[in-house]
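Working notes, beginning with the structure itself.
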Amino acid sequence: MNLIRPLSRLLLAMTLPLWPQPSKADAAPSAPQALAALYQALLQPPTRHLQPVLDQLVEQTGLDEHQVRQQCLALLDTLAQKRKSKSDAWKQLTQLPGAEVNASSADKFFRTLLEESRLILSKEGDFSLDFPIKKATGRARIFTDQGYTLLTQAVQSGLPETEETPSEFGLLVSGHTTRYEVDKAPLFIFFDSPDEAFVLEQVREIQRFIIPRLVKVLPQSAAIKWAVRKREQNALIDPDYQLVFAVSTLRFTGSNRDLRPCIEGTVQLVETATQNAVFESDMNYCTEEAGSGNTQTLDMFYDEVASQTFALVKTFFAARR
């Protein structure tokens with residue numbers, strides 16, 4: 001997983017409410033503008049180091065690098081104090097829904113992330129930003145996809161709906177499935193069918209089940225005017241972005257009593273005008289509710305995958321305000 005993107009989202013979510021606002025006479029952009037610009041810069045692969053982050057903040061705020069480092073360190077100290085005082089804000093951060101992580105593990109995850117971020121900000125020079133995330137998930141003993149969900153939820157909690165970009169973007173939605181090796185044994189159990197042709201059809205070209213759901217749910221974002229499938233494109237459809245959902249694997253976890261599907265792939269947004277990828281994220285998701293103990297179809301699971309993808313896209317556009 002590309003871990004720099006989740007780190008940028010966490011930084012954005014955790015610091016927006018705390019950053020001191022400039023006076024009207026201050027020519028520098030506001031902290032939300034600077035952090036949003038930072039977030040956009042970090043979405044450009046293959047940025048994975050601290051220096052581009054500092055350079056972007058220096059440019060946007062008008063501060064020098066030392067001042068930027070000191071400002072960020074002060075923010076981290078403030079957050080650490082909120083944890084120490086067991087403030088409501090910290091409690092909310094450790095009780096975010098969606099990741100199936102208990103409050104104790106979430107506390108350890110965010111605490112470690114703060115500690116490691118402070119270490120790299122306190123030293124001169126450039127550093128990889130992968131390490132703090134890896135160390136935080138390892139120390140909290142949670143899976144990478146759980147940490148990723150936590151970080152995404154943190155961003156959503158830190159980006160007010162009222163500040164989201166007005167509805168102005170049109171999306172063209174497409175996808176594909178890479179050929180992968182299918183283990184048939186769990187398919188027979190999950191779908192409760194001995195028909196090999198039937199069960200294989202349910203997991204063939206998986207994007208054809210997800211794309212229609214994305215087209216339906218995406219316009220629920222205040223930033224998205226419309227979304228259409230690529231196969232329905234015509235001369236009158238002029239999208240601002242192309243959303244590509246690529247599936248690499250579908251597998252099952254759990255027991256024979258409750259087999260739970262998992263999907264691995266990527267979500268990418270391409271700006272139509274430039275054909276540049278402006279957002280890319282891994283999609284590693286396992287269901288908790290849509291297992292064979294509750295259903296013998298993948299409909300519920302595909303609904304959940306569409307919702308997870310919608311959350312990623314919504315967060316991206318919210319940061320563009």
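Please note that chains go A, B, ... in the order of the structure tokens, that every chain numbers its residues from 1, and that ligands are numbered from 1 in the order shown.
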A:Glu232 surroundings by only C-alpha atoms, 12 Å radius, close-in-sequence under 2 positions cut, as a CSV table (one decimal) with N, CA and C atoms, in the first residue's frame:
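Final output, result19.csv:
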```csv
chain,number,residue,atom,x,y,z
A,171,LEU,N,-17.8,12.8,-13.7
A,171,LEU,CA,-16.8,11.7,-13.7
A,171,LEU,C,-17.2,10.6,-14.7
A,172,LEU,N,-16.2,10.1,-15.4
A,172,LEU,CA,-16.4,9.0,-16.2
A,172,LEU,C,-15.8,7.8,-15.5
A,173,VAL,N,-16.6,6.7,-15.3
A,173,VAL,CA,-16.2,5.6,-14.4
A,173,VAL,C,-16.0,4.3,-15.3
A,174,SER,N,-14.9,3.7,-15.0
A,174,SER,CA,-14.5,2.5,-15.7
A,174,SER,C,-13.7,1.6,-14.8
A,212,PRO,N,-21.5,-0.1,-11.8
A,212,PRO,CA,-22.9,0.5,-11.7
A,212,PRO,C,-23.2,1.0,-10.3
A,215,VAL,N,-21.5,4.5,-10.0
A,215,VAL,CA,-22.2,5.5,-10.7
A,215,VAL,C,-23.4,6.0,-10.0
A,227,ALA,N,-22.0,11.1,-12.7
A,227,ALA,CA,-21.1,10.0,-13.0
A,227,ALA,C,-21.7,9.1,-14.0
A,228,VAL,N,-21.0,8.7,-15.0
A,228,VAL,CA,-21.5,7.8,-16.0
A,228,VAL,C,-20.5,6.7,-16.3
A,229,ARG,N,-21.0,5.6,-16.8
A,229,ARG,CA,-20.1,4.5,-17.1
A,229,ARG,C,-19.4,4.9,-18.5
A,230,LYS,N,-18.1,4.4,-18.6
A,230,LYS,CA,-17.4,4.8,-19.8
A,230,LYS,C,-18.1,4.3,-21.1
A,234,ASN,N,-20.6,9.6,-24.8
A,234,ASN,CA,-20.9,10.1,-26.2
A,234,ASN,C,-20.3,11.5,-26.3
A,235,ALA,N,-20.5,12.1,-27.4
A,235,ALA,CA,-19.9,13.4,-27.7
A,235,ALA,C,-20.4,14.5,-26.8
A,236,LEU,N,-21.5,14.3,-26.2
A,236,LEU,CA,-22.1,15.3,-25.3
A,236,LEU,C,-21.6,15.2,-23.9
A,237,ILE,N,-20.9,14.1,-23.6
A,237,ILE,CA,-20.4,13.9,-22.2
A,237,ILE,C,-18.9,14.3,-22.1
A,238,ASP,N,-18.7,15.3,-21.4
A,238,ASP,CA,-17.3,15.9,-21.2
A,238,ASP,C,-16.9,15.8,-19.8
```
- Message: Just checking: using only C-alpha atoms, which residue out of A:Phe316, A:Leu73, A:Gln146, A:Ala222 ends up closest to A:Thr287?
- Response: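 The shortest atom-to-atom distance to A:Thr287 comes from A:Gln146.
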- Take atom CA of A:Asn284 and atom CA of A:Cys262 and report the distance between them in Å, one decimal. 7.4 Å
- Grab the atom CA of A:Arg231 to atom CA of A:Ala273 distance for me, in Å with one decimal place. 19.5 Å
- Running DSSP on the backbone, which parts of stretch 149-316 of chain A land in alpha helix (DSSP H), as an NGL selection string? :A and (149-158 or 184-190 or 196-202 or 207-217 or 299-316)
- Distance criterion (only C-alpha atoms): nearest to A:Leu54 out of A:Leu113, A:Leu79, A:Ile210, A:Ile120: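 Checking each candidate against A:Leu54, we get A:Ile120 as the closest.
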Contacts of stretch 193-206 of chain A at 12 Å (only C-alpha atoms; same-chain gap of 5+ positions) as a short mmCIF file (atom, residue, chain, number, x, y, z; two decimals) with C-alpha atoms, in the first residue's frame:
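See result.cif below for the written result:
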```cif
data_model
loop_
_atom_site.label_atom_id
_atom_site.label_comp_id
_atom_site.auth_asym_id
_atom_site.auth_seq_id
_atom_site.Cartn_x
_atom_site.Cartn_y
_atom_site.Cartn_z
CA SER A 174 -14.53 2.49 -15.75
CA GLY A 175 -12.64 -0.52 -14.48
CA HIS A 176 -11.01 -3.82 -15.24
CA THR A 177 -10.05 -7.07 -13.54
CA THR A 178 -6.59 -8.55 -13.91
CA ARG A 179 -6.64 -12.29 -14.60
CA TYR A 180 -5.99 -14.06 -11.31
CA GLU A 181 -5.99 -17.63 -10.03
CA VAL A 182 -9.32 -18.59 -8.46
CA ASP A 183 -9.61 -21.07 -5.61
CA LYS A 184 -12.88 -22.85 -6.43
CA ALA A 185 -13.34 -24.61 -3.08
CA PRO A 186 -14.58 -21.56 -1.11
CA LEU A 187 -16.78 -20.52 -4.04
CA PHE A 188 -18.83 -23.71 -3.84
CA ILE A 211 -19.02 0.16 -11.57
CA PRO A 212 -22.85 0.47 -11.67
CA PHE A 245 -11.40 0.87 -10.45
CA ALA A 246 -8.90 -1.94 -11.07
CA VAL A 247 -9.35 -5.34 -9.41
CA SER A 248 -6.32 -7.60 -8.91
CA THR A 249 -7.71 -10.32 -6.62
CA LEU A 250 -10.85 -11.54 -4.92
CA ARG A 251 -10.34 -14.08 -2.15
CA PHE A 252 -12.09 -15.42 0.94
CA PRO A 261 -14.90 -12.05 0.70
CA CYS A 262 -11.90 -9.70 0.39
CA ILE A 263 -10.91 -7.56 -2.57
CA GLU A 264 -7.55 -6.13 -3.58
CA GLY A 265 -7.03 -3.51 -6.26
CA GLN A 296 -25.08 -16.46 -0.43
CA THR A 297 -24.49 -13.62 -2.90
CA LEU A 298 -21.82 -10.94 -3.25
CA ASP A 299 -24.34 -8.10 -3.56
CA PHE A 301 -20.08 -7.05 -0.38
CA TYR A 302 -20.08 -5.09 -3.64
CA VAL A 305 -16.79 -1.87 -1.75
#
```
- Message: Please determine, counting only C-alpha atoms, which residue among A:Ile189, A:Ser281, A:Phe131, A:Cys286 has the shortest atom-to-atom distance to A:Glu304.
- Response: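 Answer, going by the shortest atom-to-atom distance: A:Cys286.
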- Message: Calculated over only C-alpha atoms, which of the candidates A:Gln81, A:Ser221, A:Ser255, A:Ser292 has the smallest distance to A:Ala318?
- Response: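 That would be A:Ser221, the residue with the smallest distance to A:Ala318.
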- Message: Which residues are near A:Phe310? Cut-off 9 Å, only C-alpha atoms, ignore same chain within fewer than 3 positions. Put them as a PyMOL selection string.
- Response: chain A and resi 214+217-218+220-221+305-307+313-315
- Would you mind writing down, as JSON, numbers by chain, each residue of stretch 37-272 of chain A that DSSP on the backbone assigns to strand (DSSP E)? {"A": [169, 170, 171, 172, 173, 174, 175, 176, 177, 224, 225, 226, 227, 228, 229, 241, 242, 243, 244, 245, 246, 247, 248, 249, 250, 251, 252, 253, 254, 255, 258, 259, 260, 261, 262, 263, 264, 265, 266, 267, 268, 269, 270, 271]}
